[in-house]
Structure formats: C-alpha cells, structure tokens
file input11.cif (mmCIF, C-alpha atoms; chains and numbers go by the auth columns)
data_protein
loop_
_atom_site.group_PDB
_atom_site.id
_atom_site.type_symbol
_atom_site.label_atom_id
_atom_site.label_comp_id
_atom_site.label_asym_id
_atom_site.label_seq_id
_atom_site.Cartn_x
_atom_site.Cartn_y
_atom_site.Cartn_z
_atom_site.B_iso_or_equiv
_atom_site.auth_seq_id
_atom_site.auth_asym_id
ATOM 1 C CA GLU A 1 -46.210 -45.393 265.144 0.00 1 X
ATOM 2 C CA PRO A 2 -48.484 -42.420 265.904 0.00 2 X
ATOM 3 C CA GLU A 3 -52.163 -42.988 265.225 0.00 3 X
ATOM 4 C CA VAL A 4 -55.293 -40.985 264.637 0.00 4 X
ATOM 5 C CA THR A 5 -57.873 -42.156 267.161 0.00 5 X
ATOM 6 C CA GLN A 6 -61.605 -41.986 266.544 0.00 6 X
ATOM 7 C CA THR A 7 -64.389 -42.561 269.046 0.00 7 X
ATOM 8 C CA PRO A 8 -66.847 -44.152 269.182 0.00 8 X
ATOM 9 C CA SER A 9 -66.225 -46.944 266.697 0.00 9 X
ATOM 10 C CA HIS A 10 -69.970 -47.426 266.276 0.00 10 X
ATOM 11 C CA GLN A 11 -72.832 -45.066 267.004 0.00 11 X
ATOM 12 C CA VAL A 12 -76.538 -45.653 266.572 0.00 12 X
ATOM 13 C CA THR A 13 -78.767 -42.622 266.818 0.00 13 X
ATOM 14 C CA GLN A 14 -82.373 -41.728 266.171 0.00 14 X
ATOM 15 C CA MET A 15 -83.277 -39.488 263.265 0.00 15 X
ATOM 16 C CA GLY A 16 -83.280 -35.851 264.330 0.00 16 X
ATOM 17 C CA GLN A 17 -80.803 -36.331 267.140 0.00 17 X
ATOM 18 C CA GLU A 18 -77.479 -34.555 267.370 0.00 18 X
ATOM 19 C CA VAL A 19 -74.281 -36.596 267.237 0.00 19 X
ATOM 20 C CA ILE A 20 -70.687 -35.682 267.895 0.00 20 X
ATOM 21 C CA LEU A 21 -67.941 -37.760 266.384 0.00 21 X
ATOM 22 C CA ARG A 22 -64.590 -37.403 268.037 0.00 22 X
ATOM 23 C CA CYS A 23 -61.065 -37.600 266.698 0.00 23 X
ATOM 24 C CA VAL A 24 -57.662 -37.215 268.281 0.00 24 X
ATOM 25 C CA PRO A 25 -55.229 -36.306 265.493 0.00 25 X
ATOM 26 C CA ILE A 26 -51.507 -36.925 265.656 0.00 26 X
ATOM 27 C CA SER A 27 -50.088 -34.368 268.047 0.00 27 X
ATOM 28 C CA ASN A 28 -47.766 -32.387 265.759 0.00 28 X
ATOM 29 C CA HIS A 29 -50.133 -32.387 262.777 0.00 29 X
ATOM 30 C CA LEU A 30 -51.579 -29.100 261.572 0.00 30 X
ATOM 31 C CA TYR A 31 -54.214 -30.086 259.016 0.00 31 X
ATOM 32 C CA PHE A 32 -57.348 -32.002 259.894 0.00 32 X
ATOM 33 C CA TYR A 33 -59.971 -33.581 257.675 0.00 33 X
ATOM 34 C CA TRP A 34 -63.280 -35.386 257.796 0.00 34 X
ATOM 35 C CA TYR A 35 -64.363 -37.807 255.078 0.00 35 X
ATOM 36 C CA ARG A 36 -67.339 -40.112 254.890 0.00 36 X
ATOM 37 C CA GLN A 37 -68.103 -43.335 253.072 0.00 37 X
ATOM 38 C CA ILE A 38 -71.698 -44.396 252.590 0.00 38 X
ATOM 39 C CA LEU A 39 -71.923 -48.181 252.474 0.00 39 X
ATOM 40 C CA GLY A 40 -70.878 -49.460 249.070 0.00 40 X
ATOM 41 C CA GLN A 41 -69.952 -46.025 247.759 0.00 41 X
ATOM 42 C CA LYS A 42 -66.782 -44.025 247.286 0.00 42 X
ATOM 43 C CA VAL A 43 -65.079 -42.002 249.989 0.00 43 X
ATOM 44 C CA GLU A 44 -66.250 -38.373 249.972 0.00 44 X
ATOM 45 C CA PHE A 45 -64.526 -35.296 251.339 0.00 45 X
ATOM 46 C CA LEU A 46 -66.463 -33.293 253.897 0.00 46 X
ATOM 47 C CA VAL A 47 -64.191 -30.622 255.332 0.00 47 X
ATOM 48 C CA SER A 48 -60.614 -29.606 256.056 0.00 48 X
ATOM 49 C CA PHE A 49 -59.465 -27.506 259.001 0.00 49 X
ATOM 50 C CA TYR A 50 -56.282 -25.534 259.481 0.00 50 X
ATOM 51 C CA ASN A 51 -55.237 -22.836 261.910 0.00 51 X
ATOM 52 C CA ASN A 52 -58.532 -23.094 263.785 0.00 52 X
ATOM 53 C CA GLU A 53 -60.738 -22.517 260.811 0.00 53 X
ATOM 54 C CA ILE A 54 -62.288 -24.360 257.908 0.00 54 X
ATOM 55 C CA SER A 55 -60.005 -24.223 254.880 0.00 55 X
ATOM 56 C CA GLU A 56 -62.146 -26.222 252.441 0.00 56 X
ATOM 57 C CA LYS A 57 -65.569 -27.806 252.530 0.00 57 X
ATOM 58 C CA SER A 58 -67.679 -29.807 250.141 0.00 58 X
ATOM 59 C CA GLU A 59 -71.299 -29.386 249.114 0.00 59 X
ATOM 60 C CA ILE A 60 -72.176 -32.187 251.531 0.00 60 X
ATOM 61 C CA PHE A 61 -70.962 -30.075 254.462 0.00 61 X
ATOM 62 C CA ASP A 62 -74.087 -27.990 254.877 0.00 62 X
ATOM 63 C CA ASP A 63 -75.450 -26.119 257.892 0.00 63 X
ATOM 64 C CA GLN A 64 -76.231 -29.393 259.655 0.00 64 X
ATOM 65 C CA PHE A 65 -72.510 -30.050 260.022 0.00 65 X
ATOM 66 C CA SER A 66 -69.910 -28.262 262.098 0.00 66 X
ATOM 67 C CA VAL A 67 -66.357 -28.933 263.186 0.00 67 X
ATOM 68 C CA GLU A 68 -64.464 -27.819 266.212 0.00 68 X
ATOM 69 C CA ARG A 69 -61.094 -28.202 267.848 0.00 69 X
ATOM 70 C CA PRO A 70 -62.272 -27.548 271.374 0.00 70 X
ATOM 71 C CA ASP A 71 -59.156 -28.163 273.420 0.00 71 X
ATOM 72 C CA GLY A 72 -56.119 -28.335 271.174 0.00 72 X
ATOM 73 C CA SER A 73 -56.117 -32.121 270.984 0.00 73 X
ATOM 74 C CA ASN A 74 -59.609 -33.232 269.933 0.00 74 X
ATOM 75 C CA PHE A 75 -61.184 -32.554 266.556 0.00 75 X
ATOM 76 C CA THR A 76 -64.923 -33.075 266.453 0.00 76 X
ATOM 77 C CA LEU A 77 -67.592 -33.368 263.788 0.00 77 X
ATOM 78 C CA LYS A 78 -71.110 -32.471 264.892 0.00 78 X
ATOM 79 C CA ILE A 79 -74.241 -33.326 262.972 0.00 79 X
ATOM 80 C CA ARG A 80 -77.054 -31.243 264.419 0.00 80 X
ATOM 81 C CA SER A 81 -80.148 -33.121 263.300 0.00 81 X
ATOM 82 C CA THR A 82 -79.288 -36.467 261.787 0.00 82 X
ATOM 83 C CA LYS A 83 -81.066 -37.840 258.754 0.00 83 X
ATOM 84 C CA LEU A 84 -81.247 -41.415 257.532 0.00 84 X
ATOM 85 C CA GLU A 85 -78.904 -40.544 254.688 0.00 85 X
ATOM 86 C CA ASP A 86 -76.209 -39.501 257.168 0.00 86 X
ATOM 87 C CA SER A 87 -75.649 -43.191 257.910 0.00 87 X
ATOM 88 C CA ALA A 88 -72.067 -43.822 256.834 0.00 88 X
ATOM 89 C CA MET A 89 -68.554 -44.515 257.990 0.00 89 X
ATOM 90 C CA TYR A 90 -66.902 -41.248 258.991 0.00 90 X
ATOM 91 C CA PHE A 91 -63.127 -41.016 258.772 0.00 91 X
ATOM 92 C CA CYS A 92 -60.925 -38.428 260.396 0.00 92 X
ATOM 93 C CA ALA A 93 -57.468 -37.729 258.982 0.00 93 X
ATOM 94 C CA SER A 94 -54.607 -35.471 259.939 0.00 94 X
ATOM 95 C CA SER A 95 -51.476 -34.269 258.209 0.00 95 X
ATOM 96 C CA PRO A 96 -48.383 -32.310 259.221 0.00 96 X
ATOM 97 C CA GLY A 97 -48.568 -30.556 255.866 0.00 97 X
ATOM 98 C CA GLY A 98 -47.873 -31.747 252.368 0.00 98 X
ATOM 99 C CA THR A 99 -49.227 -35.188 251.661 0.00 99 X
ATOM 100 C CA GLY A 100 -48.643 -37.141 254.853 0.00 100 X
ATOM 101 C CA TYR A 101 -52.285 -37.977 255.575 0.00 101 X
ATOM 102 C CA THR A 102 -52.968 -40.464 258.371 0.00 102 X
ATOM 103 C CA PHE A 103 -56.494 -41.819 258.717 0.00 103 X
ATOM 104 C CA GLY A 104 -58.307 -43.038 261.787 0.00 104 X
ATOM 105 C CA SER A 105 -60.147 -46.333 261.754 0.00 105 X
ATOM 106 C CA GLY A 106 -63.509 -44.615 261.404 0.00 106 X
ATOM 107 C CA THR A 107 -66.829 -44.254 263.198 0.00 107 X
ATOM 108 C CA ARG A 108 -69.755 -46.173 261.785 0.00 108 X
ATOM 109 C CA LEU A 109 -72.828 -44.001 262.220 0.00 109 X
ATOM 110 C CA THR A 110 -76.231 -45.611 261.862 0.00 110 X
ATOM 111 C CA VAL A 111 -79.290 -43.358 261.885 0.00 111 X
ATOM 112 C CA VAL A 112 -82.562 -45.158 262.587 0.00 112 X
ATOM 113 C CA ALA B 1 -61.054 -29.984 238.512 0.00 1 G
ATOM 114 C CA GLN B 2 -59.511 -33.237 239.589 0.00 2 G
ATOM 115 C CA SER B 3 -61.138 -36.633 239.143 0.00 3 G
ATOM 116 C CA VAL B 4 -60.164 -40.274 239.478 0.00 4 G
ATOM 117 C CA THR B 5 -61.380 -43.257 237.497 0.00 5 G
ATOM 118 C CA GLN B 6 -60.770 -46.816 238.604 0.00 6 G
ATOM 119 C CA LEU B 7 -61.466 -49.337 235.892 0.00 7 G
ATOM 120 C CA GLY B 8 -63.331 -52.352 237.224 0.00 8 G
ATOM 121 C CA SER B 9 -65.342 -52.362 240.423 0.00 9 G
ATOM 122 C CA HIS B 10 -64.256 -55.990 240.958 0.00 10 G
ATOM 123 C CA VAL B 11 -61.047 -57.707 239.878 0.00 11 G
ATOM 124 C CA SER B 12 -60.564 -61.429 240.398 0.00 12 G
ATOM 125 C CA VAL B 13 -57.161 -63.115 240.188 0.00 13 G
ATOM 126 C CA SER B 14 -55.812 -66.479 241.194 0.00 14 G
ATOM 127 C CA GLU B 15 -53.443 -66.798 244.111 0.00 15 G
ATOM 128 C CA GLY B 16 -49.904 -66.349 242.793 0.00 16 G
ATOM 129 C CA ALA B 17 -51.015 -64.422 239.713 0.00 17 G
ATOM 130 C CA LEU B 18 -50.201 -60.837 238.808 0.00 18 G
ATOM 131 C CA VAL B 19 -52.417 -58.173 240.322 0.00 19 G
ATOM 132 C CA LEU B 20 -53.142 -55.109 238.186 0.00 20 G
ATOM 133 C CA LEU B 21 -55.563 -52.447 239.415 0.00 21 G
ATOM 134 C CA ARG B 22 -56.058 -49.537 237.086 0.00 22 G
ATOM 135 C CA CYS B 23 -56.315 -45.868 237.982 0.00 23 G
ATOM 136 C CA ASN B 24 -56.531 -42.874 235.675 0.00 24 G
ATOM 137 C CA TYR B 25 -56.774 -39.315 236.845 0.00 25 G
ATOM 138 C CA SER B 26 -57.425 -35.890 235.487 0.00 26 G
ATOM 139 C CA SER B 27 -55.783 -32.900 237.031 0.00 27 G
ATOM 140 C CA SER B 28 -55.007 -29.417 235.851 0.00 28 G
ATOM 141 C CA VAL B 29 -51.940 -29.234 238.063 0.00 29 G
ATOM 142 C CA PRO B 30 -49.227 -31.773 238.866 0.00 30 G
ATOM 143 C CA PRO B 31 -50.993 -34.179 241.158 0.00 31 G
ATOM 144 C CA TYR B 32 -50.083 -36.175 244.172 0.00 32 G
ATOM 145 C CA LEU B 33 -51.326 -39.737 243.795 0.00 33 G
ATOM 146 C CA PHE B 34 -52.206 -42.333 246.381 0.00 34 G
ATOM 147 C CA TRP B 35 -53.350 -45.903 246.750 0.00 35 G
ATOM 148 C CA TYR B 36 -55.200 -46.908 249.906 0.00 36 G
ATOM 149 C CA VAL B 37 -56.390 -50.342 250.972 0.00 37 G
ATOM 150 C CA GLN B 38 -59.464 -51.060 253.068 0.00 38 G
ATOM 151 C CA TYR B 39 -59.968 -54.467 254.629 0.00 39 G
ATOM 152 C CA PRO B 40 -63.520 -55.428 255.602 0.00 40 G
ATOM 153 C CA ASN B 41 -64.872 -53.296 258.447 0.00 41 G
ATOM 154 C CA GLN B 42 -61.575 -51.489 258.828 0.00 42 G
ATOM 155 C CA GLY B 43 -60.139 -48.063 258.090 0.00 43 G
ATOM 156 C CA LEU B 44 -58.085 -46.731 255.209 0.00 44 G
ATOM 157 C CA GLN B 45 -54.442 -47.745 255.112 0.00 45 G
ATOM 158 C CA LEU B 46 -51.928 -46.041 252.862 0.00 46 G
ATOM 159 C CA LEU B 47 -50.273 -48.474 250.466 0.00 47 G
ATOM 160 C CA LEU B 48 -48.094 -46.000 248.622 0.00 48 G
ATOM 161 C CA LYS B 49 -47.986 -42.482 247.237 0.00 49 G
ATOM 162 C CA TYR B 50 -46.341 -40.485 244.497 0.00 50 G
ATOM 163 C CA THR B 51 -45.389 -36.885 245.134 0.00 51 G
ATOM 164 C CA THR B 52 -42.266 -36.072 243.127 0.00 52 G
ATOM 165 C CA GLY B 53 -39.166 -37.832 241.876 0.00 53 G
ATOM 166 C CA ALA B 54 -39.000 -41.450 240.836 0.00 54 G
ATOM 167 C CA THR B 55 -42.117 -42.454 238.958 0.00 55 G
ATOM 168 C CA LEU B 56 -42.041 -46.070 240.143 0.00 56 G
ATOM 169 C CA VAL B 57 -43.175 -46.111 243.733 0.00 57 G
ATOM 170 C CA LYS B 58 -42.878 -49.087 246.031 0.00 58 G
ATOM 171 C CA GLY B 59 -45.294 -49.569 248.873 0.00 59 G
ATOM 172 C CA ILE B 60 -46.168 -51.992 251.596 0.00 60 G
ATOM 173 C CA ASN B 61 -47.082 -55.652 251.144 0.00 61 G
ATOM 174 C CA GLY B 62 -45.156 -55.944 247.869 0.00 62 G
ATOM 175 C CA PHE B 63 -47.297 -53.465 245.923 0.00 63 G
ATOM 176 C CA GLU B 64 -45.925 -50.872 243.558 0.00 64 G
ATOM 177 C CA ALA B 65 -47.339 -48.273 241.204 0.00 65 G
ATOM 178 C CA GLU B 66 -45.968 -46.291 238.303 0.00 66 G
ATOM 179 C CA PHE B 67 -46.866 -42.695 237.581 0.00 67 G
ATOM 180 C CA LYS B 68 -47.191 -42.217 233.825 0.00 68 G
ATOM 181 C CA LYS B 69 -47.837 -38.582 233.076 0.00 69 G
ATOM 182 C CA SER B 70 -48.379 -39.120 229.354 0.00 70 G
ATOM 183 C CA GLU B 71 -51.112 -41.658 230.087 0.00 71 G
ATOM 184 C CA THR B 72 -52.433 -39.869 233.221 0.00 72 G
ATOM 185 C CA SER B 73 -52.280 -43.219 234.952 0.00 73 G
ATOM 186 C CA PHE B 74 -51.147 -44.615 238.277 0.00 74 G
ATOM 187 C CA HIS B 75 -51.818 -48.346 238.057 0.00 75 G
ATOM 188 C CA LEU B 76 -51.171 -50.582 241.059 0.00 76 G
ATOM 189 C CA THR B 77 -49.411 -53.903 240.614 0.00 77 G
ATOM 190 C CA LYS B 78 -48.178 -56.840 242.619 0.00 78 G
ATOM 191 C CA PRO B 79 -46.289 -59.699 240.964 0.00 79 G
ATOM 192 C CA SER B 80 -47.884 -62.507 242.968 0.00 80 G
ATOM 193 C CA ALA B 81 -51.263 -62.300 244.691 0.00 81 G
ATOM 194 C CA HIS B 82 -51.757 -63.662 248.169 0.00 82 G
ATOM 195 C CA MET B 83 -55.043 -64.542 249.822 0.00 83 G
ATOM 196 C CA SER B 84 -54.427 -61.788 252.366 0.00 84 G
ATOM 197 C CA ASP B 85 -54.528 -59.185 249.564 0.00 85 G
ATOM 198 C CA ALA B 86 -58.296 -59.563 249.275 0.00 86 G
ATOM 199 C CA ALA B 87 -59.625 -56.109 250.096 0.00 87 G
ATOM 200 C CA GLU B 88 -60.926 -52.952 248.474 0.00 88 G
ATOM 201 C CA TYR B 89 -58.370 -50.641 246.904 0.00 89 G
ATOM 202 C CA PHE B 90 -58.868 -46.929 246.394 0.00 90 G
ATOM 203 C CA CYS B 91 -56.897 -44.590 244.183 0.00 91 G
ATOM 204 C CA ALA B 92 -56.893 -40.918 245.164 0.00 92 G
ATOM 205 C CA VAL B 93 -55.424 -37.644 243.915 0.00 93 G
ATOM 206 C CA SER B 94 -54.765 -34.357 245.626 0.00 94 G
ATOM 207 C CA ARG B 95 -52.762 -31.204 245.723 0.00 95 G
ATOM 208 C CA SER B 96 -50.648 -30.557 248.776 0.00 96 G
ATOM 209 C CA ASN B 97 -52.726 -29.977 251.925 0.00 97 G
ATOM 210 C CA TYR B 98 -55.943 -30.134 249.956 0.00 98 G
ATOM 211 C CA GLN B 99 -58.685 -32.697 249.963 0.00 99 G
ATOM 212 C CA LEU B 100 -58.180 -36.126 248.546 0.00 100 G
ATOM 213 C CA ILE B 101 -60.362 -36.890 245.528 0.00 101 G
ATOM 214 C CA TRP B 102 -61.202 -40.586 245.515 0.00 102 G
ATOM 215 C CA GLY B 103 -61.906 -43.201 242.917 0.00 103 G
ATOM 216 C CA ALA B 104 -64.873 -45.505 243.357 0.00 104 G
ATOM 217 C CA GLY B 105 -62.716 -48.372 244.550 0.00 105 G
ATOM 218 C CA THR B 106 -61.866 -51.810 243.205 0.00 106 G
ATOM 219 C CA LYS B 107 -62.623 -54.958 245.173 0.00 107 G
ATOM 220 C CA LEU B 108 -59.801 -57.435 244.724 0.00 108 G
ATOM 221 C CA ILE B 109 -60.906 -61.063 244.922 0.00 109 G
ATOM 222 C CA ILE B 110 -58.285 -63.777 245.233 0.00 110 G
ATOM 223 C CA LYS B 111 -59.195 -67.258 244.000 0.00 111 G
ATOM 224 C CA PRO B 112 -57.451 -70.199 245.672 0.00 112 G
#
call {"tool": "encode", "arguments": {"input": "input11.cif", "output": "structure tokens"}}
result
Amino acid sequence: EPEVTQTPSHQVTQMGQEVILRCVPISNHLYFYWYRQILGQKVEFLVSFYNNEISEKSEIFDDQFSVERPDGSNFTLKIRSTKLEDSAMYFCASSPGGTGYTFGSGTRLTVV
Amino acid sequence: AQSVTQLGSHVSVSEGALVLLRCNYSSSVPPYLFWYVQYPNQGLQLLLKYTTGATLVKGINGFEAEFKKSETSFHLTKPSAHMSDAAEYFCAVSRSNYQLIWGAGTKLIIKP
C-alpha cells in the first residue's frame, strides 16, 4: 500500500536554528498538509498546499514557517528560527482529493 | 466554524468488554467524519470515516461508528476490547480537501 514518507524520524536542534522537515507524499496525490502535535495535546493544522501554492493556513503558520514542493516529489516544511515551543511531532499528509488523507509516521522535533 | 468534542480524556475498560468512545461535532455544513488511532510513538492511522451514504461505518480492527445527524455525534464502538486496542483515539471533522479539525483525543486503557 502506498505510504507517505517523512524524514528524519527524530530531529534535535538548537533554539534559533533553521530546520527542514521532509515529506514524500503519495505520487498521484494532489493535496498536501502539515499538522503538528505538541506532546500531550491535540493535533493542530498548520497548512495545506495545492497546485503549488498554499490553500489554507492556520494562525500557527506564521512568518517563521514556509512550505515548498521543490522537485515535484518532496514536500518540505521549513522553520526559520526555531523556538522551544516548536518542539512537537510534525505530521505530513497527502490526499488525491476528497477525504482520502494518508498520514506519514511523523518527525519528532526537539528544540533545545 | 467546525469543532470536535471528545468526552473523556481517558476511558478504561476490561478486556472483552464493550468499547465506547464518544465524539460530538459542530459544523455548519455536512461534515466528513473520521476516527484515527495513534499507538505510542507512532503516527496517525485511519480507523474509519464517514463521507456519505450508510450512517453505520465499519473500520479496521473490528471498530465501527455511527453518524447521527440529529445528535451531531459519531461515537466509536467495538463489541469486545482486546489488549492491543490500547492507544489514543482521535475524532476529526472536515470538509472535502480542507483541513481536519481534531478532537483532543481519548486514551483507551484496557484492563486485563
């Protein structure tokens, strides 16, 4: 069964550093999403991406965040200057359209 | 605006007993409804979803949920709990192609 692949599975970074979280969505999917889950809290929507542009974003997705689909297969989330409160599990998801979301297994980001 | 309420942050049942996890939603448009399961240190796995049609939806691992529009509910049930069902369960709502709005999650504890 096709999978959404996220790398790395764990990332530790120093406060103020830039991080790039990578995702390979399912190849024929058109819609891409990033969600995050702070430890012990609910899953929160960050951003959705369709047709090479952001289609929706939440209040969390401020100027420190950006997304890119650099080469037609990868979908990346960049955090420019990480803060302690960015520590969370970040999930990528993709969908062919409609409601067929498939999630990756997540990247655990720890900011120290 | 859409929102999801999961009643009970922790639910404890004995092995072999009925599992009932409650989810109520609010939505101004006909919603799509989802249940996801998250095992410790793992990603989000789709259990089942309701989009249209039959209101009783069957999912993986013997779970099912019933969409009740009049009660704005989508409760998750399983007739007989197994130790392997211990996990956190998330209810979510969306419109097609749009972000998933998540409940706070319910940790299911199975007593031997």
call {"tool": "interface_residues", "arguments": {"input": "input11.cif", "of": "chain X", "to": "chain G", "cutoff": "6 Å", "atoms": "all atoms listed in the file", "output": "PyMOL selection string"}}
result
chain X and resi 42+97-99+105-106
call {"tool": "write_last_selection", "arguments": {"input": "input11.cif", "atoms": "C-alpha atoms", "output": "PDB file, in the frame of the given file"}}
result
ATOM      1  CA  LYS X  42     -66.782 -44.025 247.286  1.00  0.00           C
ATOM      2  CA  GLY X  97     -48.568 -30.556 255.866  1.00  0.00           C
ATOM      3  CA  GLY X  98     -47.873 -31.747 252.368  1.00  0.00           C
ATOM      4  CA  THR X  99     -49.227 -35.188 251.661  1.00  0.00           C
ATOM      5  CA  SER X 105     -60.147 -46.333 261.754  1.00  0.00           C
ATOM      6  CA  GLY X 106     -63.509 -44.615 261.404  1.00  0.00           C
TER       7      GLY X 106
END
call {"tool": "resolve_selection", "arguments": {"input": "input11.cif", "expression": "the PyMOL selection byres ((chain X and resi 8-24) around 7)", "output": "list in words"}}
result
Val4, Thr5, Gln6, Thr7, Pro25, Ile26, Ser73, Asn74, Phe75, Thr76, Leu77, Lys78, Ile79, Arg80, Ser81, Thr82, Lys83, Leu84, Cys92, Gly106, Thr107, Arg108, Leu109, Thr110, Val111 and Val112 of chain X
call {"tool": "residues_around", "arguments": {"input": "input11.cif", "residues": "stretch 43-57 of chain X", "least_positions_apart": "4", "cutoff": "6 Å", "atoms": "all atoms listed in the file", "output": "number ranges by chain"}}
result
X: 31-37, 61
call {"tool": "write_last_selection", "arguments": {"input": "input11.cif", "atoms": "C-alpha atoms", "output": "tab-separated table (two decimals), in the coordinates of the input"}}
result
chain	number	residue	atom	x	y	z
X	31	TYR	CA	-54.21	-30.09	259.02
X	32	PHE	CA	-57.35	-32.00	259.89
X	33	TYR	CA	-59.97	-33.58	257.68
X	34	TRP	CA	-63.28	-35.39	257.80
X	35	TYR	CA	-64.36	-37.81	255.08
X	36	ARG	CA	-67.34	-40.11	254.89
X	37	GLN	CA	-68.10	-43.34	253.07
X	61	PHE	CA	-70.96	-30.08	254.46
call {"tool": "resolve_selection", "arguments": {"input": "input11.cif", "expression": "the PyMOL selection byres ((chain G and resi 106) around 12)", "output": "NGL selection string"}}
result
(:X and (40-42)) or (:G and (5-12 or 19-23 or 35-39 or 75-76 or 86-91 or 102-105 or 107-109))
call {"tool": "axis_aligned_box", "arguments": {"input": "input11.cif", "around": "stretch 54-61 of chain X", "padding_each_side": "3 Å", "output": "AutoDock Vina command-line options"}}
result
--center_x -66.1 --center_y -28.2 --center_z 253.5 --size_x 18.2 --size_y 14.0 --size_z 14.8
call {"tool": "closest_residue", "arguments": {"input": "input11.cif", "among": "X:Ile38, X:Asp71, X:Ser58, X:Pro2", "to": "X:Phe91", "atoms": "all atoms listed in the file"}}
result
X:Ile38
call {"tool": "resolve_selection", "arguments": {"input": "input11.cif", "expression": "the PyMOL selection byres ((chain X and resi 96) around 8)", "output": "list in words"}}
result
Asn28, His29, Leu30, Tyr31, Ser94, Ser95, Gly97, Gly98, Gly100 and Tyr101 of chain X
call {"tool": "atom_distance", "arguments": {"input": "input11.cif", "atom1": "atom CA of G:Glu71", "atom2": "atom CA of G:Ala1"}}
result
17.5 Å
call {"tool": "atom_distance", "arguments": {"input": "input11.cif", "atom1": "atom CA of X:Met89", "atom2": "atom CA of X:Leu39"}}
result
7.4 Å
call {"tool": "closest_residue", "arguments": {"input": "input11.cif", "among": "X:Ser27, X:Tyr90, X:Ile60, X:Glu3", "to": "X:Gly72", "atoms": "all atoms listed in the file"}}
result
X:Ser27
call {"tool": "closest_residue", "arguments": {"input": "input11.cif", "among": "G:Gly59, G:Thr72, G:Met83, G:Val93", "to": "G:Pro112", "atoms": "all atoms listed in the file"}}
result
G:Met83
call {"tool": "atom_distance", "arguments": {"input": "input11.cif", "atom1": "atom CA of G:Ser70", "atom2": "atom CA of G:Pro31"}}
result
13.1 Å
call {"tool": "residues_around", "arguments": {"input": "input11.cif", "residues": "G:Ala17", "least_positions_apart": "5", "cutoff": "10 Å", "atoms": "only C-alpha atoms", "output": "list in words"}}
result
Lys78, Pro79, Ser80, Ala81, His82, Ile110 and Lys111 of chain G
call {"tool": "closest_residue", "arguments": {"input": "input11.cif", "among": "G:Ser14, G:Ser73, G:Ser27, G:Thr52", "to": "G:Gln2", "atoms": "only C-alpha atoms"}}
result
G:Ser27
call {"tool": "decode", "arguments": {"input": "input11.cif", "residues": "stretch 53-70 of chain G", "atoms": "N, CA and C atoms", "output": "PDB file, in the first residue's frame"}}
result
ATOM      1  N   GLY G  53     -23.766   8.433   2.490  1.00  0.00           N
ATOM      2  CA  GLY G  53     -24.333   7.090   2.411  1.00  0.00           C
ATOM      3  C   GLY G  53     -24.642   6.492   3.762  1.00  0.00           C
ATOM      4  N   ALA G  54     -24.393   5.228   3.889  1.00  0.00           N
ATOM      5  CA  ALA G  54     -24.745   4.483   5.100  1.00  0.00           C
ATOM      6  C   ALA G  54     -24.137   5.131   6.333  1.00  0.00           C
ATOM      7  N   THR G  55     -24.980   5.308   7.344  1.00  0.00           N
ATOM      8  CA  THR G  55     -24.532   6.045   8.531  1.00  0.00           C
ATOM      9  C   THR G  55     -23.739   5.176   9.498  1.00  0.00           C
ATOM     10  N   LEU G  56     -23.852   3.851   9.354  1.00  0.00           N
ATOM     11  CA  LEU G  56     -23.032   2.960  10.182  1.00  0.00           C
ATOM     12  C   LEU G  56     -21.808   2.576   9.357  1.00  0.00           C
ATOM     13  N   VAL G  57     -20.664   2.950   9.868  1.00  0.00           N
ATOM     14  CA  VAL G  57     -19.423   2.752   9.129  1.00  0.00           C
ATOM     15  C   VAL G  57     -18.567   1.728   9.854  1.00  0.00           C
ATOM     16  N   LYS G  58     -18.085   0.765   9.102  1.00  0.00           N
ATOM     17  CA  LYS G  58     -17.203  -0.245   9.697  1.00  0.00           C
ATOM     18  C   LYS G  58     -15.761   0.075   9.328  1.00  0.00           C
ATOM     19  N   GLY G  59     -14.886  -0.133  10.296  1.00  0.00           N
ATOM     20  CA  GLY G  59     -13.482   0.163  10.062  1.00  0.00           C
ATOM     21  C   GLY G  59     -12.605  -1.034  10.330  1.00  0.00           C
ATOM     22  N   ILE G  60     -11.332  -0.729  10.539  1.00  0.00           N
ATOM     23  CA  ILE G  60     -10.375  -1.809  10.778  1.00  0.00           C
ATOM     24  C   ILE G  60     -10.421  -2.243  12.236  1.00  0.00           C
ATOM     25  N   ASN G  61      -9.867  -3.406  12.492  1.00  0.00           N
ATOM     26  CA  ASN G  61      -9.722  -3.938  13.857  1.00  0.00           C
ATOM     27  C   ASN G  61     -11.045  -4.097  14.598  1.00  0.00           C
ATOM     28  N   GLY G  62     -12.136  -4.278  13.865  1.00  0.00           N
ATOM     29  CA  GLY G  62     -13.431  -4.536  14.488  1.00  0.00           C
ATOM     30  C   GLY G  62     -14.169  -3.318  15.000  1.00  0.00           C
ATOM     31  N   PHE G  63     -13.654  -2.115  14.733  1.00  0.00           N
ATOM     32  CA  PHE G  63     -14.314  -0.893  15.169  1.00  0.00           C
ATOM     33  C   PHE G  63     -15.403  -0.473  14.190  1.00  0.00           C
ATOM     34  N   GLU G  64     -16.404   0.198  14.707  1.00  0.00           N
ATOM     35  CA  GLU G  64     -17.407   0.823  13.870  1.00  0.00           C
ATOM     36  C   GLU G  64     -17.890   2.101  14.526  1.00  0.00           C
ATOM     37  N   ALA G  65     -18.506   2.955  13.715  1.00  0.00           N
ATOM     38  CA  ALA G  65     -19.031   4.217  14.239  1.00  0.00           C
ATOM     39  C   ALA G  65     -20.314   4.533  13.503  1.00  0.00           C
ATOM     40  N   GLU G  66     -21.210   5.231  14.189  1.00  0.00           N
ATOM     41  CA  GLU G  66     -22.481   5.596  13.588  1.00  0.00           C
ATOM     42  C   GLU G  66     -22.628   7.106  13.561  1.00  0.00           C
ATOM     43  N   PHE G  67     -22.898   7.623  12.387  1.00  0.00           N
ATOM     44  CA  PHE G  67     -23.158   9.049  12.217  1.00  0.00           C
ATOM     45  C   PHE G  67     -24.632   9.309  12.559  1.00  0.00           C
ATOM     46  N   LYS G  68     -24.840  10.137  13.573  1.00  0.00           N
ATOM     47  CA  LYS G  68     -26.206  10.508  13.954  1.00  0.00           C
ATOM     48  C   LYS G  68     -26.329  12.019  13.814  1.00  0.00           C
ATOM     49  N   LYS G  69     -26.954  12.417  12.725  1.00  0.00           N
ATOM     50  CA  LYS G  69     -27.045  13.845  12.421  1.00  0.00           C
ATOM     51  C   LYS G  69     -27.847  14.588  13.481  1.00  0.00           C
ATOM     52  N   SER G  70     -28.928  13.971  13.942  1.00  0.00           N
ATOM     53  CA  SER G  70     -29.798  14.653  14.912  1.00  0.00           C
ATOM     54  C   SER G  70     -29.084  14.889  16.236  1.00  0.00           C
TER      55      SER G  70
END
